[in-house]
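Novice: File follows, my_file09.cif with mmCIF, C-alpha atoms, pLDDT in the B column; chains and numbers go by the auth columns:
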```
data_my_file
loop_
_atom_site.group_PDB
_atom_site.id
_atom_site.type_symbol
_atom_site.label_atom_id
_atom_site.label_comp_id
_atom_site.label_asym_id
_atom_site.label_seq_id
_atom_site.Cartn_x
_atom_site.Cartn_y
_atom_site.Cartn_z
_atom_site.B_iso_or_equiv
_atom_site.auth_seq_id
_atom_site.auth_asym_id
ATOM 1 C CA MET A 1 191.441 126.332 79.493 54.00 1223 A
ATOM 2 C CA ILE A 2 189.652 129.219 77.788 57.00 1224 A
ATOM 3 C CA HIS A 3 191.770 131.287 75.486 58.00 1225 A
ATOM 4 C CA ALA A 4 192.096 135.026 76.028 58.00 1226 A
ATOM 5 C CA ARG A 5 190.802 135.576 72.518 60.00 1227 A
ATOM 6 C CA TYR A 6 187.439 133.907 73.367 51.00 1228 A
ATOM 7 C CA ILE A 7 187.097 135.952 76.541 52.00 1229 A
ATOM 8 C CA THR A 8 187.753 139.160 74.589 53.00 1230 A
ATOM 9 C CA LEU A 9 185.210 138.110 71.937 48.00 1231 A
ATOM 10 C CA PHE A 10 182.624 137.247 74.591 49.00 1232 A
ATOM 11 C CA PHE A 11 182.931 140.644 76.326 47.00 1233 A
ATOM 12 C CA GLY A 12 182.897 142.380 72.948 49.00 1234 A
ATOM 13 C CA VAL A 13 179.593 140.719 71.991 46.00 1235 A
ATOM 14 C CA ILE A 14 178.053 141.527 75.397 50.00 1236 A
ATOM 15 C CA SER A 15 179.186 145.167 75.140 50.00 1237 A
ATOM 16 C CA PHE A 16 177.710 145.428 71.640 43.00 1238 A
ATOM 17 C CA LEU A 17 174.337 144.014 72.795 40.00 1239 A
ATOM 18 C CA VAL A 18 174.215 146.392 75.764 39.00 1240 A
ATOM 19 C CA LEU A 19 174.999 149.335 73.471 39.00 1241 A
ATOM 20 C CA ILE A 20 172.305 148.346 70.943 41.00 1242 A
ATOM 21 C CA MET A 21 169.651 147.807 73.633 42.00 1243 A
ATOM 22 C CA GLY A 22 170.508 151.087 75.359 45.00 1244 A
ATOM 23 C CA CYS A 23 170.234 153.097 72.139 43.00 1245 A
ATOM 24 C CA SER A 24 167.015 151.547 70.881 39.00 1246 A
ATOM 25 C CA GLU A 25 163.915 153.737 71.045 40.00 1247 A
ATOM 26 C CA ARG A 26 160.931 152.673 73.154 38.00 1248 A
ATOM 27 C CA THR A 27 157.799 152.631 71.073 36.00 1249 A
ATOM 28 C CA ASP A 28 155.334 151.101 73.509 36.00 1250 A
ATOM 29 C CA ALA A 29 152.747 153.191 75.335 37.00 1251 A
ATOM 30 C CA PRO A 30 153.166 154.115 79.006 39.00 1252 A
ATOM 31 C CA MET A 31 152.418 151.233 81.362 40.00 1253 A
ATOM 32 C CA SER A 32 149.264 152.754 82.839 46.00 1254 A
ATOM 33 C CA GLU A 33 147.675 153.442 79.462 48.00 1255 A
ATOM 34 C CA THR A 34 148.521 150.033 78.048 55.00 1256 A
ATOM 35 C CA ASN A 35 147.474 148.211 81.181 85.00 1257 A
ATOM 36 C CA LEU A 36 144.056 149.861 81.605 93.00 1258 A
ATOM 37 C CA LYS A 37 143.243 149.680 77.878 93.00 1259 A
ATOM 38 C CA SER A 38 144.068 145.981 77.791 93.00 1260 A
ATOM 39 C CA ILE A 39 142.162 145.181 80.981 94.00 1261 A
ATOM 40 C CA PHE A 40 139.090 147.265 80.049 96.00 1262 A
ATOM 41 C CA PRO A 41 138.719 147.188 76.246 95.00 1263 A
ATOM 42 C CA LYS A 42 135.727 148.533 74.341 95.00 1264 A
ATOM 43 C CA GLU A 43 135.135 145.259 72.481 94.00 1265 A
ATOM 44 C CA GLN A 44 132.146 143.303 73.803 94.00 1266 A
ATOM 45 C CA LEU A 45 131.468 145.778 76.647 96.00 1267 A
ATOM 46 C CA LYS A 46 127.726 145.603 77.307 95.00 1268 A
ATOM 47 C CA GLU A 47 127.141 147.546 80.521 96.00 1269 A
ATOM 48 C CA ILE A 48 128.822 149.396 83.355 98.00 1270 A
ATOM 49 C CA TRP A 49 127.204 149.205 86.785 98.00 1271 A
ATOM 50 C CA VAL A 50 128.066 151.808 89.410 98.00 1272 A
ATOM 51 C CA GLN A 51 127.714 150.700 93.023 98.00 1273 A
ATOM 52 C CA LEU A 52 128.221 153.188 95.864 98.00 1274 A
ATOM 53 C CA TYR A 53 129.107 152.482 99.492 98.00 1275 A
ATOM 54 C CA ARG A 54 126.693 154.556 101.621 97.00 1276 A
ATOM 55 C CA GLU A 55 126.662 154.965 105.384 94.00 1277 A
ATOM 56 C CA ASP A 56 123.093 156.259 105.475 90.00 1278 A
ATOM 57 C CA SER A 57 121.416 153.291 103.794 93.00 1279 A
ATOM 58 C CA ILE A 58 119.553 150.294 105.144 94.00 1280 A
ATOM 59 C CA LYS A 59 120.354 148.311 101.970 95.00 1281 A
ATOM 60 C CA ALA A 60 123.251 145.883 101.545 96.00 1282 A
ATOM 61 C CA GLN A 61 126.443 147.606 100.462 97.00 1283 A
ATOM 62 C CA PRO A 62 127.635 148.581 97.943 98.00 1284 A
ATOM 63 C CA GLU A 63 124.338 149.829 96.576 97.00 1285 A
ATOM 64 C CA LEU A 64 123.589 149.925 92.831 98.00 1286 A
ATOM 65 C CA ILE A 65 123.048 153.560 91.834 97.00 1287 A
ATOM 66 C CA ALA A 66 123.362 153.535 88.012 98.00 1288 A
ATOM 67 C CA VAL A 67 123.654 151.277 84.965 98.00 1289 A
ATOM 68 C CA TYR A 68 125.151 152.553 81.698 98.00 1290 A
ATOM 69 C CA PHE A 69 124.619 150.662 78.446 96.00 1291 A
ATOM 70 C CA GLU A 70 124.527 153.247 75.645 97.00 1292 A
ATOM 71 C CA ASP A 71 127.694 153.715 73.580 97.00 1293 A
ATOM 72 C CA PRO A 72 128.251 157.421 74.371 97.00 1294 A
ATOM 73 C CA ASP A 73 128.125 156.706 78.122 98.00 1295 A
ATOM 74 C CA LEU A 74 130.331 153.605 77.848 98.00 1296 A
ATOM 75 C CA ASN A 75 132.887 155.487 75.741 97.00 1297 A
ATOM 76 C CA LYS A 76 132.960 158.428 78.157 98.00 1298 A
ATOM 77 C CA ILE A 77 133.656 156.152 81.133 98.00 1299 A
ATOM 78 C CA LEU A 78 136.242 154.084 79.236 98.00 1300 A
ATOM 79 C CA ASN A 79 138.087 157.213 78.083 97.00 1301 A
ATOM 80 C CA TRP A 80 138.086 158.481 81.656 98.00 1302 A
ATOM 81 C CA ILE A 81 139.672 155.324 83.097 97.00 1303 A
ATOM 82 C CA HIS A 82 142.112 154.952 80.183 96.00 1304 A
ATOM 83 C CA GLU A 83 143.552 158.383 81.047 95.00 1305 A
ATOM 84 C CA GLY A 84 144.554 157.202 84.530 96.00 1306 A
ATOM 85 C CA VAL A 85 148.180 157.660 85.565 96.00 1307 A
ATOM 86 C CA ILE A 86 149.790 155.088 87.858 96.00 1308 A
ATOM 87 C CA SER A 87 150.110 156.431 91.396 96.00 1309 A
ATOM 88 C CA ASP A 88 150.003 155.467 95.041 97.00 1310 A
ATOM 89 C CA PHE A 89 146.790 156.110 96.936 98.00 1311 A
ATOM 90 C CA GLU A 90 147.077 159.198 99.133 96.00 1312 A
ATOM 91 C CA GLY A 91 144.543 160.889 101.351 96.00 1313 A
ATOM 92 C CA THR A 92 141.513 160.213 103.501 96.00 1314 A
ATOM 93 C CA ILE A 93 138.518 158.469 101.953 97.00 1315 A
ATOM 94 C CA ALA A 94 135.510 160.648 101.227 96.00 1316 A
ATOM 95 C CA SER A 95 133.619 158.029 99.174 97.00 1317 A
ATOM 96 C CA LEU A 96 134.091 154.632 97.555 98.00 1318 A
ATOM 97 C CA SER A 97 132.348 153.090 94.564 98.00 1319 A
ATOM 98 C CA ILE A 98 132.705 149.920 92.541 98.00 1320 A
ATOM 99 C CA LEU A 99 132.419 150.028 88.772 98.00 1321 A
ATOM 100 C CA GLN A 100 131.408 146.660 87.350 98.00 1322 A
ATOM 101 C CA PHE A 101 132.152 146.184 83.640 98.00 1323 A
ATOM 102 C CA GLU A 102 129.938 143.534 82.032 96.00 1324 A
ATOM 103 C CA TYR A 103 131.425 141.939 78.915 96.00 1325 A
ATOM 104 C CA GLY A 104 129.667 139.463 76.677 92.00 1326 A
ATOM 105 C CA THR A 105 127.941 138.681 73.421 79.00 1327 A
ATOM 106 C CA LYS A 106 124.353 138.892 72.224 74.00 1328 A
ATOM 107 C CA GLU A 107 123.709 135.596 73.986 78.00 1329 A
ATOM 108 C CA GLY A 108 124.602 137.016 77.413 72.00 1330 A
ATOM 109 C CA ALA A 109 127.271 138.159 79.831 67.00 1331 A
ATOM 110 C CA ALA A 110 130.545 136.282 79.693 85.00 1332 A
ATOM 111 C CA GLU A 111 132.750 138.126 82.171 94.00 1333 A
ATOM 112 C CA ALA A 112 132.665 140.886 84.758 96.00 1334 A
ATOM 113 C CA LYS A 113 135.640 143.104 85.648 97.00 1335 A
ATOM 114 C CA TYR A 114 135.854 145.509 88.553 98.00 1336 A
ATOM 115 C CA ILE A 115 137.399 148.869 89.454 98.00 1337 A
ATOM 116 C CA MET A 116 137.358 150.507 92.863 98.00 1338 A
ATOM 117 C CA TYR A 117 136.853 154.276 92.594 98.00 1339 A
ATOM 118 C CA ALA A 118 137.909 156.390 95.553 98.00 1340 A
ATOM 119 C CA ALA A 119 137.394 160.098 96.122 98.00 1341 A
ATOM 120 C CA THR A 120 139.465 161.642 98.905 98.00 1342 A
ATOM 121 C CA LYS A 121 138.674 164.511 101.262 97.00 1343 A
ATOM 122 C CA GLU A 122 141.753 166.239 99.832 97.00 1344 A
ATOM 123 C CA GLY A 123 140.190 166.328 96.347 97.00 1345 A
ATOM 124 C CA GLY A 124 142.028 163.373 94.790 98.00 1346 A
ATOM 125 C CA TYR A 125 140.394 160.684 92.657 98.00 1347 A
ATOM 126 C CA TYR A 126 141.791 157.185 92.232 98.00 1348 A
ATOM 127 C CA ILE A 127 140.825 153.927 90.539 98.00 1349 A
ATOM 128 C CA LYS A 128 142.192 150.432 90.916 98.00 1350 A
ATOM 129 C CA PRO A 129 141.272 147.231 89.059 98.00 1351 A
ATOM 130 C CA PHE A 130 140.665 144.329 91.427 97.00 1352 A
ATOM 131 C CA ASN A 131 139.095 140.899 91.768 96.00 1353 A
ATOM 132 C CA ILE A 132 135.947 141.026 93.828 96.00 1354 A
ATOM 133 C CA THR A 133 135.492 138.739 96.832 96.00 1355 A
ATOM 134 C CA PRO A 134 132.873 138.536 99.606 96.00 1356 A
ATOM 135 C CA HIS A 135 135.117 140.884 101.665 95.00 1357 A
ATOM 136 C CA PHE A 136 133.797 143.774 99.545 97.00 1358 A
ATOM 137 C CA ASN A 137 130.140 143.251 100.559 96.00 1359 A
ATOM 138 C CA PHE A 138 128.608 144.584 103.782 96.00 1360 A
ATOM 139 C CA ASP A 139 125.207 144.485 105.458 95.00 1361 A
ATOM 140 C CA SER A 140 125.829 148.101 106.440 95.00 1362 A
ATOM 141 C CA TYR A 141 128.769 150.389 105.721 96.00 1363 A
ATOM 142 C CA LYS A 142 130.815 152.605 108.052 94.00 1364 A
ATOM 143 C CA GLN A 143 133.872 154.785 107.422 89.00 1365 A
ATOM 144 C CA GLU A 144 136.099 152.156 109.070 93.00 1366 A
ATOM 145 C CA ASP A 145 134.954 149.665 106.421 96.00 1367 A
ATOM 146 C CA GLY A 146 136.361 151.962 103.725 96.00 1368 A
ATOM 147 C CA ASP A 147 139.729 151.936 105.457 95.00 1369 A
ATOM 148 C CA LYS A 148 139.585 148.107 105.543 96.00 1370 A
ATOM 149 C CA LEU A 149 138.821 147.999 101.802 97.00 1371 A
ATOM 150 C CA ILE A 150 141.770 150.255 100.998 97.00 1372 A
ATOM 151 C CA SER A 151 143.962 147.991 103.150 96.00 1373 A
ATOM 152 C CA LEU A 152 142.713 144.932 101.227 96.00 1374 A
ATOM 153 C CA LEU A 153 143.558 146.610 97.921 97.00 1375 A
ATOM 154 C CA GLY A 154 146.838 148.123 99.117 97.00 1376 A
ATOM 155 C CA LYS A 155 147.929 151.717 98.611 97.00 1377 A
ATOM 156 C CA THR A 156 150.174 151.031 95.619 96.00 1378 A
ATOM 157 C CA GLU A 157 149.339 150.538 91.931 95.00 1379 A
ATOM 158 C CA TRP A 158 146.311 152.825 91.884 97.00 1380 A
ATOM 159 C CA TYR A 159 145.609 155.183 88.983 97.00 1381 A
ATOM 160 C CA LYS A 160 145.084 158.894 89.574 98.00 1382 A
ATOM 161 C CA VAL A 161 142.137 160.155 87.507 98.00 1383 A
ATOM 162 C CA GLU A 162 139.899 163.158 87.133 98.00 1384 A
ATOM 163 C CA ARG A 163 136.524 163.220 88.863 98.00 1385 A
ATOM 164 C CA ALA A 164 134.162 160.529 87.524 97.00 1386 A
ATOM 165 C CA PRO A 165 132.202 161.682 84.450 95.00 1387 A
ATOM 166 C CA TYR A 166 128.877 160.237 85.617 89.00 1388 A
#
```
As structure tokens, what does this structure read like?

Specialist:
Amino acid sequence: MIHARYITLFFGVISFLVLIMGCSERTDAPMSETNLKSIFPKEQLKEIWVQLYREDSIKAQPELIAVYFEDPDLNKILNWIHEGVISDFEGTIASLSILQFEYGTKEGAAEAKYIMYAATKEGGYYIKPFNITPHFNFDSYKQEDGDKLISLLGKTEWYKVERAPY
């Protein structure tokens, strides 16, 4: 049988731990900032490819429209995504792009990471890191395909951003 004194001591220790944890100051950065900075660091970033989904093209989609490899351009794009604030996706798609971040060394590319960038008809801008699959490639692109892509990615855990700086 457990003595009353041990039960009192146990609850006293638990109460003390709860009090200490509740009064401690959080020093870590907001989740969105930490998450995007850790997923898309500056170290070993070689290039950023921008690929746009276009309805009026005969090329496979998304279509490569720009490649950035100079430090000022890379820094501008990284700063832009790092300022994203976690949010749910809201609105009707106006345009979709994929940003492909190429990481590596002097010997070559080692890893690619991806962000979907969505502009809405309501004037909102959103990004979301994702893992690319064949579902994101089309022979031709229609508005309905954009809705399918948003469904694949889900409407939660996006980051609200300013308009793309490129």

Novice: Can you work out which one of A:Asn1359, A:Asn1257, A:Asn1301, A:Gln1365 has the shortest atom-to-atom distance to Ser1317 (chain A), counting all atoms listed in the file?

Specialist: A:Gln1365

Novice: Write out, as a Markdown table, each residue of region 1346-1387 of chain A that has an atom at most 12 Å from region 1328-1334 of chain A, together with the closest pair of atoms and their distance in Å to one decimal, counting only C-alpha atoms, rows going by chain and rising number.

Specialist:
```
| residue | atom | partner | partner_atom | distance |
| --- | --- | --- | --- | --- |
| A:Pro1351 | CA | A:Ala1334 | CA | 11.5 |
| A:Phe1352 | CA | A:Ala1334 | CA | 11.0 |
| A:Asn1353 | CA | A:Ala1334 | CA | 9.5 |
| A:Ile1354 | CA | A:Ala1334 | CA | 9.6 |
```

Novice: Here's the selection I'm unsure about, the PyMOL selection byres ((chain A and resi 1262-1271) around 10); applied to the file above, which residues does it give, as a ChimeraX atom specification?

Specialist: /A:1257-1261,1272-1274,1286-1293,1295-1297,1299-1301,1303-1304,1320-1328,1330-1337,1351

Novice: Take the residues just selected and output them with C-alpha atoms as a short mmCIF file (atom, residue, chain, number, x, y, z; two decimals), in the coordinates of the input.

Specialist:
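And here's part-v6.cif as it stands now:
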```
data_model
loop_
_atom_site.label_atom_id
_atom_site.label_comp_id
_atom_site.auth_asym_id
_atom_site.auth_seq_id
_atom_site.Cartn_x
_atom_site.Cartn_y
_atom_site.Cartn_z
CA ASN A 1257 147.47 148.21 81.18
CA LEU A 1258 144.06 149.86 81.60
CA LYS A 1259 143.24 149.68 77.88
CA SER A 1260 144.07 145.98 77.79
CA ILE A 1261 142.16 145.18 80.98
CA VAL A 1272 128.07 151.81 89.41
CA GLN A 1273 127.71 150.70 93.02
CA LEU A 1274 128.22 153.19 95.86
CA LEU A 1286 123.59 149.93 92.83
CA ILE A 1287 123.05 153.56 91.83
CA ALA A 1288 123.36 153.54 88.01
CA VAL A 1289 123.65 151.28 84.96
CA TYR A 1290 125.15 152.55 81.70
CA PHE A 1291 124.62 150.66 78.45
CA GLU A 1292 124.53 153.25 75.64
CA ASP A 1293 127.69 153.72 73.58
CA ASP A 1295 128.12 156.71 78.12
CA LEU A 1296 130.33 153.60 77.85
CA ASN A 1297 132.89 155.49 75.74
CA ILE A 1299 133.66 156.15 81.13
CA LEU A 1300 136.24 154.08 79.24
CA ASN A 1301 138.09 157.21 78.08
CA ILE A 1303 139.67 155.32 83.10
CA HIS A 1304 142.11 154.95 80.18
CA ILE A 1320 132.71 149.92 92.54
CA LEU A 1321 132.42 150.03 88.77
CA GLN A 1322 131.41 146.66 87.35
CA PHE A 1323 132.15 146.18 83.64
CA GLU A 1324 129.94 143.53 82.03
CA TYR A 1325 131.43 141.94 78.92
CA GLY A 1326 129.67 139.46 76.68
CA THR A 1327 127.94 138.68 73.42
CA LYS A 1328 124.35 138.89 72.22
CA GLY A 1330 124.60 137.02 77.41
CA ALA A 1331 127.27 138.16 79.83
CA ALA A 1332 130.54 136.28 79.69
CA GLU A 1333 132.75 138.13 82.17
CA ALA A 1334 132.66 140.89 84.76
CA LYS A 1335 135.64 143.10 85.65
CA TYR A 1336 135.85 145.51 88.55
CA ILE A 1337 137.40 148.87 89.45
CA PRO A 1351 141.27 147.23 89.06
#
```

Novice: I'd like to know which of A:Ser1373, A:Ser1362, A:Gln1283, A:Thr1355 is closest to Ile1315 (chain A), using all atoms listed in the file.

Specialist: A:Ser1373

Novice: Tell me which of A:Asp1361, A:Glu1277, A:Glu1312, A:Glu1285 sits closest to Tyr1347 (chain A), counting only C-alpha atoms.

Specialist: A:Glu1312

Novice: Written as an mmCIF file with C-alpha atoms, in the frame of the given file, which residues does the PyMOL selection byres ((chain A and resi 1368) around 10) give for the file shown?

Specialist:
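File written: selection27.cif
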```cif
data_model
loop_
_atom_site.group_PDB
_atom_site.id
_atom_site.type_symbol
_atom_site.label_atom_id
_atom_site.label_comp_id
_atom_site.auth_asym_id
_atom_site.auth_seq_id
_atom_site.Cartn_x
_atom_site.Cartn_y
_atom_site.Cartn_z
ATOM 1 C CA TYR A 1275 129.107 152.482 99.492
ATOM 2 C CA THR A 1314 141.513 160.213 103.501
ATOM 3 C CA ILE A 1315 138.518 158.469 101.953
ATOM 4 C CA ALA A 1316 135.510 160.648 101.227
ATOM 5 C CA SER A 1317 133.619 158.029 99.174
ATOM 6 C CA LEU A 1318 134.091 154.632 97.555
ATOM 7 C CA ALA A 1340 137.909 156.390 95.553
ATOM 8 C CA PHE A 1358 133.797 143.774 99.545
ATOM 9 C CA TYR A 1363 128.769 150.389 105.721
ATOM 10 C CA LYS A 1364 130.815 152.605 108.052
ATOM 11 C CA GLN A 1365 133.872 154.785 107.422
ATOM 12 C CA GLU A 1366 136.099 152.156 109.070
ATOM 13 C CA ASP A 1367 134.954 149.665 106.421
ATOM 14 C CA ASP A 1369 139.729 151.936 105.457
ATOM 15 C CA LYS A 1370 139.585 148.107 105.543
ATOM 16 C CA LEU A 1371 138.821 147.999 101.802
ATOM 17 C CA ILE A 1372 141.770 150.255 100.998
ATOM 18 C CA SER A 1373 143.962 147.991 103.150
ATOM 19 C CA LEU A 1374 142.713 144.932 101.227
#
```

Novice: Might you spell out which residues the PyMOL selection byres ((chain A and resi 1346) around 12) would select in the displayed file, as a PyMOL selection string?

Specialist: chain A and resi 1309-1317+1339-1345+1347-1349+1380-1386

Novice: Please report the interatomic distance between CA of Leu1375 (chain A) and CA of His1357 (chain A) in Å with one decimal.

Specialist: 10.9 Å

Novice: Interatomic distance between CA of Ile1280 (chain A) and CA of Ser1319 (chain A)?

Specialist: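 Atom-to-atom, CA of Ile1280 (chain A) to CA of Ser1319 (chain A), that is 16.8 Å.
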
Novice: What is the distance, in Å and to one decimal place, between CA of Phe1360 (chain A) and CA of Lys1281 (chain A)?

Specialist: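 A separation of 9.2 Å between them.
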
Novice: Any chance you could work out the axis-aligned box around region 1362-1369 of chain A, listed atoms only, 8 Å on each side, giving centre and edge lengths in Å to one decimal, as AutoDock Vina command-line options?

Specialist:
```
--center_x 132.8 --center_y 151.4 --center_z 106.4 --size_x 29.9 --size_y 22.7 --size_z 21.3
```
